[in-house]
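Have a look at protein_30.cif; it's mmCIF, C-alpha atoms:
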data_run
loop_
_atom_site.group_PDB
_atom_site.id
_atom_site.type_symbol
_atom_site.label_atom_id
_atom_site.label_comp_id
_atom_site.auth_asym_id
_atom_site.auth_seq_id
_atom_site.Cartn_x
_atom_site.Cartn_y
_atom_site.Cartn_z
ATOM 1 C CA MET I 1 0.000 0.000 0.000
ATOM 2 C CA ASP I 2 1.272 3.469 -0.780
ATOM 3 C CA ASN I 3 0.696 6.572 1.374
ATOM 4 C CA GLY I 4 -2.361 7.581 -0.660
ATOM 5 C CA GLN I 5 -4.019 4.203 -0.159
ATOM 6 C CA VAL I 6 -3.313 4.331 3.576
ATOM 7 C CA ALA I 7 -4.760 7.851 3.767
ATOM 8 C CA PHE I 8 -7.864 6.684 1.879
ATOM 9 C CA LEU I 9 -8.277 3.710 4.207
ATOM 10 C CA ARG I 10 -7.940 5.989 7.229
ATOM 11 C CA GLU I 11 -10.629 8.311 5.845
ATOM 12 C CA LEU I 12 -12.886 5.376 5.067
ATOM 13 C CA LEU I 13 -12.548 4.026 8.618
ATOM 14 C CA ALA I 14 -12.336 7.427 10.367
ATOM 15 C CA SER I 15 -15.388 7.050 12.601
ATOM 16 C CA SER I 16 -15.276 3.264 12.961
ATOM 17 C CA GLU I 17 -14.491 1.168 16.019
ATOM 18 C CA THR I 18 -11.558 -0.287 14.055
ATOM 19 C CA MET I 19 -9.961 3.141 13.761
ATOM 20 C CA ALA I 20 -10.654 3.964 17.413
ATOM 21 C CA GLU I 21 -8.937 0.724 18.470
ATOM 22 C CA THR I 22 -6.042 1.409 16.109
ATOM 23 C CA ARG I 23 -5.576 4.900 17.580
ATOM 24 C CA ARG I 24 -5.633 3.518 21.122
ATOM 25 C CA PHE I 25 -3.046 0.893 20.230
ATOM 26 C CA ALA I 26 -0.866 3.383 18.334
ATOM 27 C CA ARG I 27 -0.853 5.780 21.317
ATOM 28 C CA ALA I 28 0.273 2.929 23.563
ATOM 29 C CA LEU I 29 2.965 1.972 21.063
ATOM 30 C CA ARG I 30 4.207 5.549 20.802
ATOM 31 C CA SER I 31 4.443 6.010 24.564
ATOM 32 C CA SER I 32 5.626 2.546 25.684
ATOM 33 C CA ALA I 33 9.127 2.360 24.255
ATOM 34 C CA ARG I 34 11.145 4.983 26.047
ATOM 35 C CA ASP I 35 14.466 3.177 25.542
ATOM 36 C CA ASP I 36 13.947 0.623 22.771
ATOM 37 C CA LEU I 37 11.149 -0.854 20.685
ATOM 38 C CA LEU I 38 11.763 -4.541 20.012
ATOM 39 C CA LEU I 39 9.823 -6.032 17.104
ATOM 40 C CA LEU I 40 9.304 -9.797 16.890
ATOM 41 C CA GLY I 41 7.308 -12.011 14.555
ATOM 42 C CA ALA I 42 6.054 -15.518 15.231
ATOM 43 C CA PRO I 43 8.372 -18.466 14.528
ATOM 44 C CA GLY I 44 7.719 -19.971 11.135
ATOM 45 C CA GLU I 45 6.218 -16.735 9.803
ATOM 46 C CA ASP I 46 8.175 -14.148 7.869
ATOM 47 C CA ASP I 47 9.945 -11.535 9.954
ATOM 48 C CA PRO I 48 7.804 -8.376 10.161
ATOM 49 C CA TRP I 49 10.069 -6.484 7.724
ATOM 50 C CA HIS I 50 7.317 -4.387 6.283
ATOM 51 C CA LEU I 51 6.147 -3.048 9.628
ATOM 52 C CA ALA I 52 9.762 -2.494 10.692
ATOM 53 C CA ALA I 53 10.362 -0.373 7.590
ATOM 54 C CA HIS I 54 7.261 1.745 8.177
ATOM 55 C CA LEU I 55 8.038 2.259 11.865
ATOM 56 C CA ASP I 56 11.600 3.200 10.966
ATOM 57 C CA GLU I 57 10.235 5.786 8.527
ATOM 58 C CA GLU I 58 7.915 7.222 11.180
ATOM 59 C CA SER I 59 10.782 7.332 13.688
ATOM 60 C CA ARG I 60 12.175 10.339 11.823
ATOM 61 C CA PHE I 61 9.364 12.252 13.513
ATOM 62 C CA VAL I 62 8.723 10.100 16.594
ATOM 63 C CA PRO I 63 12.096 8.664 17.704
ATOM 64 C CA SER I 64 10.521 6.148 20.111
ATOM 65 C CA LEU I 65 9.137 4.278 17.073
ATOM 66 C CA LYS I 66 12.630 3.244 15.871
ATOM 67 C CA PRO I 67 12.356 -0.558 15.891
ATOM 68 C CA THR I 68 14.951 -3.183 16.698
ATOM 69 C CA LEU I 69 14.034 -6.242 14.646
ATOM 70 C CA VAL I 70 14.518 -9.408 16.707
ATOM 71 C CA ARG I 71 14.792 -12.550 14.622
ATOM 72 C CA TRP I 72 14.286 -16.179 15.540
ATOM 73 C CA GLN I 73 17.218 -17.325 13.406
ATOM 74 C CA PRO I 74 19.436 -14.545 12.088
ATOM 75 C CA PRO I 75 21.525 -15.869 9.208
ATOM 76 C CA PRO I 76 25.268 -16.185 9.789
ATOM 77 C CA GLY I 77 27.154 -13.148 8.538
ATOM 78 C CA ALA I 78 24.102 -10.864 8.566
ATOM 79 C CA PRO I 79 24.807 -7.158 9.153
ATOM 80 C CA ALA I 80 24.669 -6.214 12.853
ATOM 81 C CA HIS I 81 21.201 -4.611 12.655
ATOM 82 C CA LEU I 82 19.802 -7.773 11.030
ATOM 83 C CA ALA I 83 21.620 -10.236 13.292
ATOM 84 C CA ILE I 84 19.740 -9.547 16.521
ATOM 85 C CA GLY I 85 18.523 -12.846 17.895
ATOM 86 C CA LEU I 86 16.359 -14.046 20.737
ATOM 87 C CA ASP I 87 19.073 -13.327 23.294
ATOM 88 C CA ARG I 88 18.006 -9.698 23.014
ATOM 89 C CA LEU I 89 14.634 -10.607 24.529
ATOM 90 C CA ALA I 90 16.383 -12.108 27.547
ATOM 91 C CA ALA I 91 17.983 -8.695 28.080
ATOM 92 C CA ALA I 92 14.675 -6.804 27.794
ATOM 93 C CA ARG I 93 13.995 -4.469 30.697
ATOM 94 C CA ARG I 94 11.783 -1.715 32.052
ATOM 95 C CA GLY I 95 11.636 1.213 29.623
ATOM 96 C CA GLU I 96 11.576 -1.082 26.606
ATOM 97 C CA ALA I 97 8.613 -2.390 24.668
ATOM 98 C CA LEU I 98 8.173 -5.622 22.754
ATOM 99 C CA LEU I 99 5.795 -5.477 19.796
ATOM 100 C CA VAL I 100 4.822 -8.990 18.740
ATOM 101 C CA VAL I 101 3.365 -9.391 15.254
ATOM 102 C CA ALA I 102 1.637 -12.758 14.910
ATOM 103 C CA ASP I 103 -0.920 -13.256 12.161
ATOM 104 C CA GLY I 104 -1.948 -16.773 13.151
ATOM 105 C CA GLU I 105 -4.783 -17.665 15.463
ATOM 106 C CA ALA I 106 -2.598 -19.833 17.715
ATOM 107 C CA ALA I 107 0.740 -18.563 18.978
ATOM 108 C CA PRO I 108 3.247 -21.401 19.369
ATOM 109 C CA PRO I 109 4.544 -22.163 22.890
ATOM 110 C CA PRO I 110 8.096 -20.878 22.179
ATOM 111 C CA LEU I 111 6.659 -17.453 21.302
ATOM 112 C CA LEU I 112 4.467 -17.381 24.408
ATOM 113 C CA GLU I 113 7.443 -18.324 26.589
ATOM 114 C CA ARG I 114 9.652 -15.565 25.135
ATOM 115 C CA VAL I 115 6.927 -12.955 25.501
ATOM 116 C CA ASP I 116 6.255 -14.007 29.092
ATOM 117 C CA ASP I 117 9.982 -13.789 29.897
ATOM 118 C CA ALA I 118 10.212 -10.259 28.461
ATOM 119 C CA ARG I 119 7.143 -9.223 30.433
ATOM 120 C CA ARG I 120 8.645 -10.577 33.669
ATOM 121 C CA THR I 121 11.787 -8.493 33.164
ATOM 122 C CA GLY I 122 9.713 -5.319 32.893
ATOM 123 C CA ALA I 123 9.210 -4.790 29.158
ATOM 124 C CA VAL I 124 5.840 -3.483 28.003
ATOM 125 C CA ILE I 125 4.229 -6.082 25.754
ATOM 126 C CA LEU I 126 2.156 -5.023 22.750
ATOM 127 C CA THR I 127 0.650 -7.501 20.320
ATOM 128 C CA LEU I 128 -0.722 -7.131 16.837
ATOM 129 C CA ASP I 129 -2.279 -10.534 16.410
ATOM 130 C CA GLY I 130 -4.806 -12.680 14.640
ATOM 131 C CA GLY I 131 -6.820 -13.568 17.722
ATOM 132 C CA ASP I 132 -4.696 -15.802 19.932
ATOM 133 C CA ARG I 133 -6.169 -15.557 23.445
ATOM 134 C CA GLU I 134 -3.003 -16.608 25.296
ATOM 135 C CA LEU I 135 -0.870 -14.054 23.463
ATOM 136 C CA THR I 136 -3.437 -11.310 24.032
ATOM 137 C CA ASP I 137 -3.567 -12.194 27.740
ATOM 138 C CA LEU I 138 0.202 -11.615 28.016
ATOM 139 C CA ALA I 139 -0.049 -8.193 26.395
ATOM 140 C CA HIS I 140 -0.356 -4.882 28.161
ATOM 141 C CA GLU I 141 -1.956 -3.587 24.942
ATOM 142 C CA ALA I 142 -3.280 -5.682 22.069
ATOM 143 C CA LEU I 143 -4.794 -5.056 18.675
ATOM 144 C CA THR I 144 -6.523 -8.118 17.284
ATOM 145 C CA VAL I 145 -7.149 -8.313 13.546
ATOM 146 C CA ARG I 146 -9.901 -10.785 12.799
ATOM 147 C CA PRO I 147 -9.823 -12.548 9.416
ATOM 148 C CA ASP I 148 -13.441 -11.527 8.830
ATOM 149 C CA GLY I 149 -12.883 -7.935 9.990
ATOM 150 C CA PRO I 150 -12.934 -4.740 7.927
ATOM 151 C CA VAL I 151 -9.145 -4.707 7.333
ATOM 152 C CA SER I 152 -6.573 -7.319 6.442
ATOM 153 C CA PHE I 153 -3.566 -8.002 8.657
ATOM 154 C CA GLU I 154 -1.326 -6.133 6.199
ATOM 155 C CA GLN I 155 -3.674 -3.134 6.167
ATOM 156 C CA ALA I 156 -3.715 -3.117 9.977
ATOM 157 C CA GLN I 157 0.088 -2.887 10.045
ATOM 158 C CA HIS I 158 -0.044 0.108 7.707
ATOM 159 C CA LEU I 159 -2.704 1.782 9.833
ATOM 160 C CA VAL I 160 -0.779 1.214 13.071
ATOM 161 C CA SER I 161 2.473 2.657 11.738
ATOM 162 C CA SER I 162 0.692 5.590 10.114
ATOM 163 C CA VAL I 163 -1.365 6.474 13.174
ATOM 164 C CA ALA I 164 1.561 5.952 15.564
ATOM 165 C CA GLY I 165 3.549 8.528 13.633
ATOM 166 C CA GLU I 166 0.778 11.071 13.222
ATOM 167 C CA ASP I 167 1.205 12.950 16.506
ATOM 168 C CA ARG I 168 4.347 14.708 15.419
ATOM 169 C CA GLY I 169 3.806 18.392 15.526
ATOM 170 C CA PRO I 170 1.314 21.138 14.773
ATOM 171 C CA ARG I 171 -2.228 20.082 14.047
ATOM 172 C CA GLY I 172 -4.643 21.527 11.564
ATOM 173 C CA LEU I 173 -4.138 22.353 7.916
ATOM 174 C CA ARG I 174 -0.603 23.720 8.376
ATOM 175 C CA GLY I 175 0.530 20.618 10.258
ATOM 176 C CA ARG I 176 -1.011 18.248 7.711
ATOM 177 C CA LEU I 177 0.517 20.221 4.839
ATOM 178 C CA ALA I 178 3.946 20.191 6.506
ATOM 179 C CA ARG I 179 3.736 16.409 7.079
ATOM 180 C CA PHE I 180 2.618 15.894 3.473
ATOM 181 C CA LEU I 181 5.545 17.936 2.156
ATOM 182 C CA ASP I 182 7.937 16.039 4.416
ATOM 183 C CA ALA I 183 6.574 12.750 3.110
ATOM 184 C CA VAL I 184 6.960 13.863 -0.510
ATOM 185 C CA ALA I 185 10.240 15.777 -0.365
ATOM 186 C CA GLY I 186 11.777 14.753 2.945
ATOM 187 C CA PRO I 187 12.124 16.941 6.023
ATOM 188 C CA GLN I 188 13.690 20.351 5.642
ATOM 189 C CA GLU I 189 17.184 20.724 7.048
ATOM 190 C CA SER I 190 17.642 23.348 9.733
#

The structure given in the file should be rewritten as structure tokens.
Amino acid sequence: MDNGQVAFLRELLASSETMAETRRFARALRSSARDDLLLLGAPGEDDPWHLAAHLDEESRFVPSLKPTLVRWQPPPGAPAHLAIGLDRLAAARRGEALLVVADGEAAPPPLLERVDDARRTGAVILTLDGGDRELTDLAHEALTVRPDGPVSFEQAQHLVSSVAGEDRGPRGLRGRLARFLDAVAGPQES
């Protein structure tokens, strides 16, 4: 989805419960990671690259959204930022947040164990999931995307990253115009 499609989807859902839940979740995401935002997918699923890229883009305006992608099996010789493995979760602490992206309806036990461990060490747990009750119960904040809901799991990821990055300066027409120009041409250098 490009920025125009995301904007259209946001307008379409503006007064819906889906958008209200997305805004609530995005506010929690924005405020939870004071020190680091860890991003983890479910084992056996693709790493949440797409969401990581969008959050990284939004972090230009909201630094707390800068994600650290944690991978179940980083390949040998991967660059440092792509070689962060599960040991990083063992080092999670207060002031950090763990965003778990799990599309499936049943989170596997290894994922639940890792999330529980991070929670016990003080990390704030956020989940963007497909409806797993156990995973949602471990979360401080959860956004569940139902397969029969108004948005797909991919669309929900776009909405979350977009909304999480929206509170980044002046509101109103001037603020929206400035954000649009930044998105098109990049932020102005001081």

If you measure from atom CA of Leu37 of chain I to atom CA of Val62 of chain I, what distance in Å do you get, rounded to one decimal? 11.9 Å

12 Å contact set for Gly149 of chain I, all atoms listed in the file, chain neighbours under 3 positions out, as a list of chain:residue names: I:Ser16, I:Glu17, I:Thr18, I:Gly130, I:Gly131, I:Thr144, I:Val145, I:Arg146, I:Ser152, I:Phe153, I:Gln155, I:Ala156

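Our summary of the geometry notes that atom CA of Val115 of chain I is positioned 17.3 Å from atom CA of Ala28 of chain I.
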
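Interatomic distance, atom CA of Pro110 of chain I to atom CA of Asp87 of chain I: 13.4 Å.
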
Expanded to explicit residues, what is the PyMOL selection byres ((chain I and resi 93) around 7) for this file, as a VMD selection string? chain I and resid 91 to 92 94 to 96 121 to 123
